[in-house]
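Presented below is the structure to which this report refers.
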Amino acid sequence: MGRGAVSLRGIRKSFGDVLAVRDVSLEVAEGEFVTLLGPSGCGKTTLLRILAGLEALDAGMVLISGRDVTGDPPHRRPVNTVFQHYALFPHRTVAGNVAFGLEMAGRPRADIAAKVERALEMVRLGGMGARRVDQLSGGQRQRVALARAVVLEPEVLLLDEPMSALDRKLREEMRAEVKGLHARLGTTFVFVTHDQEEALAMSDRIAVMNGGQVEQLGSPAEVYQRPRTRFVAEFLAVRNLLAARVQEVGDGAAVLRTDGGLELRSTAPGFVKGARAWVGVRPERLAFDGAGDNRVRGVLEDRVFLGDRSEWRVRAGEDVLTVSESGTGEARKTGDAVTVTFPADALLRLEDGAGAKLS
Amino acid sequence: MSARRQALVLLVPAALLLVLLLGGAQALMLIASLGRRSAYGGVLHEWGARNYLRALEPLYVSVLGRSVLLAAATTVACLLVGYPVAYWLARQAPPPWRRGLLVLVILPFWTSFLVRMYAWMFLLRTEGLVNLTLGALGLPALNLLYHPAAVLLGQVYGELPFVILPLYASLEKLDPSLLDAAADLGAPPRAVLRRVVLPLTRPGIVAGGVLVFIPSLGAYLAPDLLGGARYVYVGSLIQSQFAVARDIPFGAALSFLLSAAVLLTLWLFRRPLRAGTEEGG
C-alpha cells in the first residue's frame, strides 16, 4: 500500500446501545479524494474520528499507508483533521495555531516560521499571522484550520463537514479551494459531508452512508446515475419513488404496475417477474408531452418556482409525481390535465438497502 | 425609567452597605491607627505614624512574611489538589452526578469553620484518631498538632472549595474539540494539558488562587487552633492586639497594612481577573 492509502476493515463502534458504525470496510487509494456522504447520525463523523484515532473502536482494524495504526493514539497517527467548527485555539494567534503541530514535532524555530508563512500564503492569508483568531471571519477561520492541518504534511487529510458553518457563496468558493488544494498536494483526502452537491462536485469516489453502513460506494456519476438503494436514491434527490409489482420481464424492458395503478416500463436489469420492487425517477427526466415509453396522465396540483426551474406536482390516480421543468412554468396552471412522459431507461430499480430507511 | 437610571437605583442598597459598613469601618480604623493607646485600652488623640513604624520592626515583618508564606503555600496546595478534582468533576464525572458532586464540595460550609477546626484538632492531637490508629498498628505516635504543617492542612481543607468552584466553571466551558485538535496535531496528553487546557483555564486558576490567597493572608482560626502559640500569623496578631493587648491603634495599623496587601494582590492580578469576568459574561 502506498503513502496515504487507507484501509478500514470491519470497523464497528457503538455508543451505549446505539450502533454508530456497523462493520464498515473501506479502501481508499493513495491520493484519492473520498467523501463519506450521509445524513446526521449515519456514522460518517464517527468513522472519520476512528480514522483520526479520536474514537476507540469496538472491532476492526485501521491501516494507514499499509501500517496498522488501530491501537495508536491520535498524536501518533500520520493524519490531520480539519474540524467542523474549526477548533482553533483561542489563546493563540493565527500563526500560533498553524505553528502548534510543528512545535509539537519539535521543529527548529526558524523552520517553523518559514513553514507557517508558506502555509498561510497557500490559503491566501499571507501576512495575517499576527491576527487573533476571534478577529477573523468564518471563511478565514476555515482557511486557518486548513493551513494548520496541511502544514504538517499529513499522509491523509481528514475534513469533518468543514464548510457546514459557512454561507452558500463562501461554501462554493471553499469547495474550489479545497479541490485545488487536493490537486496541488496530492495527499489523500477523506471528506465528510451531508451535502450531496458538495460530495458530487469534489470527490473521486463517494461512500453513501446510512445507519452506520456504507450503502453505496462509487464515482459521483455512478452514485448519481445508478443509485443502488432507495435510501441512496432519495438522498441524491430522486424524488419520485414508487412501490410496484413486476408484471412481466421481457428482453428489452420490464413492465411494472405501481401500487397506485400506473403501468411503467424500465430497462434497468434485475427485475424478477411477480416480485415487489421499488422504482424511482428523477424529476428532471420527466417531461410534459415528450418522447418516451412511459406516458402518465395526470392533473397539475401545485407549482414551486426555484429560479432556474419550476417543479410541478402532478397527481396521477393515487400516485404523485414531481416534474422539473426549466423556466418559470407560467404557461401551465393548476388543474390542467397533462401527460407526463419519460423514457424507460430513466426508471431506476432500487433495493431496500440494509440500513434504516428514510421515511 | 432609562436603563442607566434603573441600574443606579438597583446599585443603591449595595453602595450604602459598602459605604457604611466597609468605608465607615475603615475610616474609623484609619483614625484609630494614627492615634495612641491609652493606659486603659482607649485611643488617645495624639496623631502620628508611630504604629506603622512599629509594624515595620523585624519581629512584625517576620509575622507578615510568615503569613504571606502560609497564604502562598495554601494557594499553591489548593490549586494542585483542586485542579484534578475540578477537571474530573467538569469533564469526566458522569453528567447526571455532577450537580450532586458539586453539592458535596460545598457541603462543609453547612458546618461552622470553628467546629471543623476543632474536628481537625481531635484528629491530629497526641491522643487523636490518627495517633490512636498508628498506635493500634504498633507504630510510634507523631506530633501533628501545633506544627506549621497542621496549619497548612487546616487552611487547605478550609479553602479548597473556593478553588474548585471557579476551576470547575472554566473547565466546564472548555470546548472538547480543542483537546481533540491538539491531540490530532501531535500533542501527547501532557502537552495538551500544558499547551491548551492550562492556558485556556487561566482565568479560573487566577480567580481561584486570588479567592484563596486573600482570606489566607489574614487567616486566624486555623493558625490559632492548629498552630498553637509557637508561630504567630498576622491574623492572630491583630486579634491579640484588640482582645489581649488592648492596643487598638496598633491593631488598626496592622489591619490597614493587611488591607493594603490584599489590594496589592488584586492589582497584580487585575488583568487575568478581568479577562475571566469577560469570558463569563
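Chain labels run A, B, ... following the order of the C-alpha cells; each chain numbers its residues from 1, and ligands are numbered from 1 in the order shown.
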
Can you list, as a PyMOL selection string, every protein, DNA or RNA residue that comes within 12 Å of B:Pro249 when you count only C-alpha atoms, leaving out same-chain residues fewer than 4 positions away?
chain B and resi 28-38+41-52+54-55+238+241-242+245+253-256

The selected residues should be written to file as a compact mmCIF listing (two decimals), in the first residue's frame (atoms: C-alpha atoms).
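File part.txt, as written:
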```
# COMPACT_ATOMS: atom_id res chain seq x y z
CA LEU B 28 -12.69 54.60 61.97
CA MET B 29 -9.77 52.19 61.79
CA LEU B 30 -7.66 54.69 59.88
CA ILE B 31 -8.29 57.32 62.55
CA ALA B 32 -7.57 54.84 65.33
CA SER B 33 -4.36 53.65 63.65
CA LEU B 34 -2.97 57.19 63.73
CA GLY B 35 -3.71 57.62 67.44
CA ARG B 36 -2.02 56.36 70.55
CA ARG B 37 -3.00 53.67 73.01
CA SER B 38 -4.25 54.95 76.37
CA GLY B 41 -7.06 50.45 76.09
CA GLY B 42 -8.69 53.55 74.60
CA VAL B 43 -7.38 55.76 71.81
CA LEU B 44 -5.61 58.99 72.67
CA HIS B 45 -5.86 61.78 70.12
CA GLU B 46 -2.14 62.13 69.62
CA TRP B 47 -1.79 61.66 65.90
CA GLY B 48 1.27 60.21 64.21
CA ALA B 49 2.65 57.33 62.17
CA ARG B 50 4.21 55.58 65.12
CA ASN B 51 2.05 52.47 64.85
CA TYR B 52 3.04 51.97 61.23
CA ARG B 54 6.31 49.85 64.82
CA ALA B 55 4.76 47.41 62.36
CA ILE B 238 -4.28 41.60 65.00
CA GLN B 241 -3.87 43.46 69.72
CA PHE B 242 -7.58 44.10 70.04
CA ALA B 245 -3.02 43.63 74.45
CA ALA B 253 -2.43 49.87 61.74
CA LEU B 254 -1.76 46.15 61.18
CA SER B 255 -5.25 45.73 59.74
CA PHE B 256 -4.60 48.56 57.37
```

Quick one: which chain B residues come within 12 Å of chain A, and what is the nearest atom pair for each with the distance in Å to one decimal, counting only C-alpha atoms, rows ordered by chain and ascending number, as JSON lines?
```
{"residue": "B:Leu174", "atom": "CA", "partner": "A:Pro90", "partner_atom": "CA", "distance": 10.7}
{"residue": "B:Asp175", "atom": "CA", "partner": "A:Ala87", "partner_atom": "CA", "distance": 8.1}
{"residue": "B:Pro176", "atom": "CA", "partner": "A:Ala87", "partner_atom": "CA", "distance": 8.9}
{"residue": "B:Ser177", "atom": "CA", "partner": "A:Ala87", "partner_atom": "CA", "distance": 5.8}
{"residue": "B:Leu178", "atom": "CA", "partner": "A:Ala87", "partner_atom": "CA", "distance": 5.2}
{"residue": "B:Leu179", "atom": "CA", "partner": "A:Ala87", "partner_atom": "CA", "distance": 8.7}
{"residue": "B:Asp180", "atom": "CA", "partner": "A:Leu54", "partner_atom": "CA", "distance": 6.7}
{"residue": "B:Ala181", "atom": "CA", "partner": "A:Ala87", "partner_atom": "CA", "distance": 6.4}
{"residue": "B:Ala182", "atom": "CA", "partner": "A:Gly101", "partner_atom": "CA", "distance": 7.8}
{"residue": "B:Ala183", "atom": "CA", "partner": "A:His75", "partner_atom": "CA", "distance": 4.9}
{"residue": "B:Asp184", "atom": "CA", "partner": "A:Pro74", "partner_atom": "CA", "distance": 5.3}
{"residue": "B:Leu185", "atom": "CA", "partner": "A:Gly101", "partner_atom": "CA", "distance": 4.7}
{"residue": "B:Gly186", "atom": "CA", "partner": "A:His75", "partner_atom": "CA", "distance": 3.8}
{"residue": "B:Ala187", "atom": "CA", "partner": "A:His75", "partner_atom": "CA", "distance": 5.5}
{"residue": "B:Pro188", "atom": "CA", "partner": "A:His75", "partner_atom": "CA", "distance": 5.9}
{"residue": "B:Pro189", "atom": "CA", "partner": "A:His75", "partner_atom": "CA", "distance": 8.7}
{"residue": "B:Arg190", "atom": "CA", "partner": "A:Met104", "partner_atom": "CA", "distance": 11.3}
{"residue": "B:Ala191", "atom": "CA", "partner": "A:Met104", "partner_atom": "CA", "distance": 8.1}
{"residue": "B:Val192", "atom": "CA", "partner": "A:Met104", "partner_atom": "CA", "distance": 9.9}
{"residue": "B:Arg194", "atom": "CA", "partner": "A:Met104", "partner_atom": "CA", "distance": 11.8}
{"residue": "B:Arg195", "atom": "CA", "partner": "A:Phe100", "partner_atom": "CA", "distance": 9.1}
{"residue": "B:Val196", "atom": "CA", "partner": "A:Phe89", "partner_atom": "CA", "distance": 7.6}
{"residue": "B:Val197", "atom": "CA", "partner": "A:Phe89", "partner_atom": "CA", "distance": 10.3}
{"residue": "B:Leu198", "atom": "CA", "partner": "A:His91", "partner_atom": "CA", "distance": 10.6}
{"residue": "B:Pro199", "atom": "CA", "partner": "A:His91", "partner_atom": "CA", "distance": 7.2}
{"residue": "B:Leu200", "atom": "CA", "partner": "A:His91", "partner_atom": "CA", "distance": 6.7}
{"residue": "B:Thr201", "atom": "CA", "partner": "A:His91", "partner_atom": "CA", "distance": 10.3}
{"residue": "B:Arg202", "atom": "CA", "partner": "A:His91", "partner_atom": "CA", "distance": 10.4}
{"residue": "B:Pro203", "atom": "CA", "partner": "A:His91", "partner_atom": "CA", "distance": 11.9}
{"residue": "B:Ala275", "atom": "CA", "partner": "A:His91", "partner_atom": "CA", "distance": 11.8}
{"residue": "B:Glu279", "atom": "CA", "partner": "A:Pro90", "partner_atom": "CA", "distance": 11.6}
```

Write down as number ranges by chain the residues belonging to stretch 219-326 of chain A that are assigned strand (DSSP E) by DSSP computed on the backbone.
A: 240-249, 254-258, 263-266, 276-281, 287-288, 294-305, 309-316, 319-326

Please produce a file of the residues just selected, as a PDB file, in the first residue's frame, where the atoms kept are C-alpha atoms.
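What follows is the written file selection-v9.pdb:
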```pdb
ATOM      1  CA  ASN A 240     -40.263  10.056  -7.472  1.00  0.00           C
ATOM      2  CA  LEU A 241     -40.120   6.785  -5.537  1.00  0.00           C
ATOM      3  CA  LEU A 242     -42.841   4.269  -6.218  1.00  0.00           C
ATOM      4  CA  ALA A 243     -43.620   0.823  -4.856  1.00  0.00           C
ATOM      5  CA  ALA A 244     -44.533  -1.577  -7.659  1.00  0.00           C
ATOM      6  CA  ARG A 245     -45.015  -5.199  -8.676  1.00  0.00           C
ATOM      7  CA  VAL A 246     -43.169  -6.665 -11.646  1.00  0.00           C
ATOM      8  CA  GLN A 247     -45.762  -7.761 -14.222  1.00  0.00           C
ATOM      9  CA  GLU A 248     -43.539  -9.029 -16.947  1.00  0.00           C
ATOM     10  CA  VAL A 249     -39.838  -9.241 -17.736  1.00  0.00           C
ATOM     11  CA  ALA A 254     -39.679  -4.927 -17.601  1.00  0.00           C
ATOM     12  CA  VAL A 255     -43.302  -3.942 -17.185  1.00  0.00           C
ATOM     13  CA  LEU A 256     -44.352  -2.828 -13.723  1.00  0.00           C
ATOM     14  CA  ARG A 257     -47.592  -1.831 -12.085  1.00  0.00           C
ATOM     15  CA  THR A 258     -47.247   0.647  -9.248  1.00  0.00           C
ATOM     16  CA  GLU A 263     -48.177   0.937 -15.724  1.00  0.00           C
ATOM     17  CA  LEU A 264     -44.492   1.711 -16.295  1.00  0.00           C
ATOM     18  CA  ARG A 265     -41.574   0.273 -18.255  1.00  0.00           C
ATOM     19  CA  SER A 266     -37.976   0.119 -17.123  1.00  0.00           C
ATOM     20  CA  ARG A 276     -42.308  -6.440  -5.472  1.00  0.00           C
ATOM     21  CA  ALA A 277     -39.848  -3.708  -6.337  1.00  0.00           C
ATOM     22  CA  TRP A 278     -39.073  -0.098  -5.657  1.00  0.00           C
ATOM     23  CA  VAL A 279     -38.559   2.130  -8.646  1.00  0.00           C
ATOM     24  CA  GLY A 280     -37.595   5.774  -8.915  1.00  0.00           C
ATOM     25  CA  VAL A 281     -37.124   8.506 -11.478  1.00  0.00           C
ATOM     26  CA  ALA A 287     -41.362  15.975 -19.313  1.00  0.00           C
ATOM     27  CA  PHE A 288     -44.788  17.148 -20.422  1.00  0.00           C
ATOM     28  CA  ASN A 294     -43.757   5.810 -20.231  1.00  0.00           C
ATOM     29  CA  ARG A 295     -46.798   8.049 -20.523  1.00  0.00           C
ATOM     30  CA  VAL A 296     -48.782   9.012 -17.448  1.00  0.00           C
ATOM     31  CA  ARG A 297     -51.961  11.083 -17.473  1.00  0.00           C
ATOM     32  CA  GLY A 298     -52.461  13.393 -14.529  1.00  0.00           C
ATOM     33  CA  VAL A 299     -53.584  16.728 -13.175  1.00  0.00           C
ATOM     34  CA  LEU A 300     -51.327  19.625 -12.133  1.00  0.00           C
ATOM     35  CA  GLU A 301     -51.660  20.138  -8.411  1.00  0.00           C
ATOM     36  CA  ASP A 302     -49.069  22.617  -7.363  1.00  0.00           C
ATOM     37  CA  ARG A 303     -46.009  24.531  -8.600  1.00  0.00           C
ATOM     38  CA  VAL A 304     -42.825  25.536  -6.818  1.00  0.00           C
ATOM     39  CA  PHE A 305     -40.703  28.168  -8.560  1.00  0.00           C
ATOM     40  CA  ARG A 309     -36.536  25.800 -12.967  1.00  0.00           C
ATOM     41  CA  SER A 310     -40.004  25.041 -11.686  1.00  0.00           C
ATOM     42  CA  GLU A 311     -41.271  21.895 -10.056  1.00  0.00           C
ATOM     43  CA  TRP A 312     -44.796  20.670 -10.674  1.00  0.00           C
ATOM     44  CA  ARG A 313     -46.617  18.176  -8.527  1.00  0.00           C
ATOM     45  CA  VAL A 314     -48.743  16.022 -10.765  1.00  0.00           C
ATOM     46  CA  ARG A 315     -51.465  13.773  -9.379  1.00  0.00           C
ATOM     47  CA  ALA A 316     -51.899  10.584 -11.374  1.00  0.00           C
ATOM     48  CA  ASP A 319     -49.537   8.441  -7.200  1.00  0.00           C
ATOM     49  CA  VAL A 320     -47.972  11.863  -7.160  1.00  0.00           C
ATOM     50  CA  LEU A 321     -45.065  12.677  -9.482  1.00  0.00           C
ATOM     51  CA  THR A 322     -42.714  15.627  -9.268  1.00  0.00           C
ATOM     52  CA  VAL A 323     -41.789  17.051 -12.664  1.00  0.00           C
ATOM     53  CA  SER A 324     -38.953  19.514 -13.055  1.00  0.00           C
ATOM     54  CA  GLU A 325     -39.226  21.938 -15.956  1.00  0.00           C
ATOM     55  CA  SER A 326     -36.861  24.737 -16.925  1.00  0.00           C
TER      56      SER A 326
END
```

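Excluding A:His182 and any residue on its chain fewer than 5 positions from it, the residues at most 10 Å away by only C-alpha atoms are Gly31, Glu32, Phe33, Leu157, Ala176, Glu177, Thr187, Thr188, Phe189 and Met202 of chain A.
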
If I take atom CA of A:Thr339 and atom CA of A:Asp289, how far is one from the other in Å, to one decimal?
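For atom CA of A:Thr339 relative to atom CA of A:Asp289, the distance reads 5.4 Å.
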
Mind the document's chain letters and residue numbers, and return as a PyMOL selection string the residues of stretch 214-263 of chain B that DSSP labels alpha helix (DSSP H).
chain B and resi 214-217+221-227+234-243+248-263

Taking only C-alpha atoms into account, name the residue in A:Val340, A:Val6, A:Leu185, A:Gly252 that is nearest to A:Glu153.
A:Leu185

Contacts of stretch 112-120 of chain B within 12 Å, only C-alpha atoms, excl. fewer than 6 positions in-chain, as a PDB file with C-alpha atoms, in the first residue's frame:
```pdb
ATOM      1  CA  THR B 126      -1.484  13.499  70.541  1.00  0.00           C
ATOM      2  CA  GLY B 128      -6.202  11.861  68.393  1.00  0.00           C
ATOM      3  CA  LEU B 129      -7.671   9.470  65.880  1.00  0.00           C
ATOM      4  CA  VAL B 130      -4.567   9.441  63.689  1.00  0.00           C
ATOM      5  CA  LEU B 144       0.941  16.523  64.333  1.00  0.00           C
ATOM      6  CA  LEU B 145      -0.866  19.321  66.080  1.00  0.00           C
ATOM      7  CA  TYR B 146       0.726  22.727  66.753  1.00  0.00           C
ATOM      8  CA  ALA B 150      -1.130  21.318  60.599  1.00  0.00           C
ATOM      9  CA  VAL B 151      -1.912  24.986  59.939  1.00  0.00           C
ATOM     10  CA  LEU B 152      -1.368  24.469  56.224  1.00  0.00           C
ATOM     11  CA  LEU B 153      -3.534  21.351  56.292  1.00  0.00           C
ATOM     12  CA  GLY B 154      -6.359  23.208  58.022  1.00  0.00           C
ATOM     13  CA  GLN B 155      -6.105  26.123  55.612  1.00  0.00           C
ATOM     14  CA  VAL B 156      -6.077  23.939  52.517  1.00  0.00           C
ATOM     15  CA  TYR B 157      -9.007  21.958  53.861  1.00  0.00           C
ATOM     16  CA  GLY B 158     -10.979  25.125  54.558  1.00  0.00           C
ATOM     17  CA  GLU B 159     -10.217  26.948  51.308  1.00  0.00           C
ATOM     18  CA  ALA B 219      -6.345  33.653  58.415  1.00  0.00           C
ATOM     19  CA  TYR B 220      -6.889  33.466  62.116  1.00  0.00           C
ATOM     20  CA  LEU B 221      -8.753  30.346  63.213  1.00  0.00           C
ATOM     21  CA  ALA B 222      -6.600  27.632  61.647  1.00  0.00           C
ATOM     22  CA  PRO B 223      -3.279  29.214  62.725  1.00  0.00           C
ATOM     23  CA  ASP B 224      -4.629  29.820  66.222  1.00  0.00           C
ATOM     24  CA  LEU B 225      -6.230  26.433  66.841  1.00  0.00           C
ATOM     25  CA  LEU B 226      -3.946  24.131  64.868  1.00  0.00           C
ATOM     26  CA  GLY B 227      -0.704  26.109  65.088  1.00  0.00           C
TER      27      GLY B 227
END
```
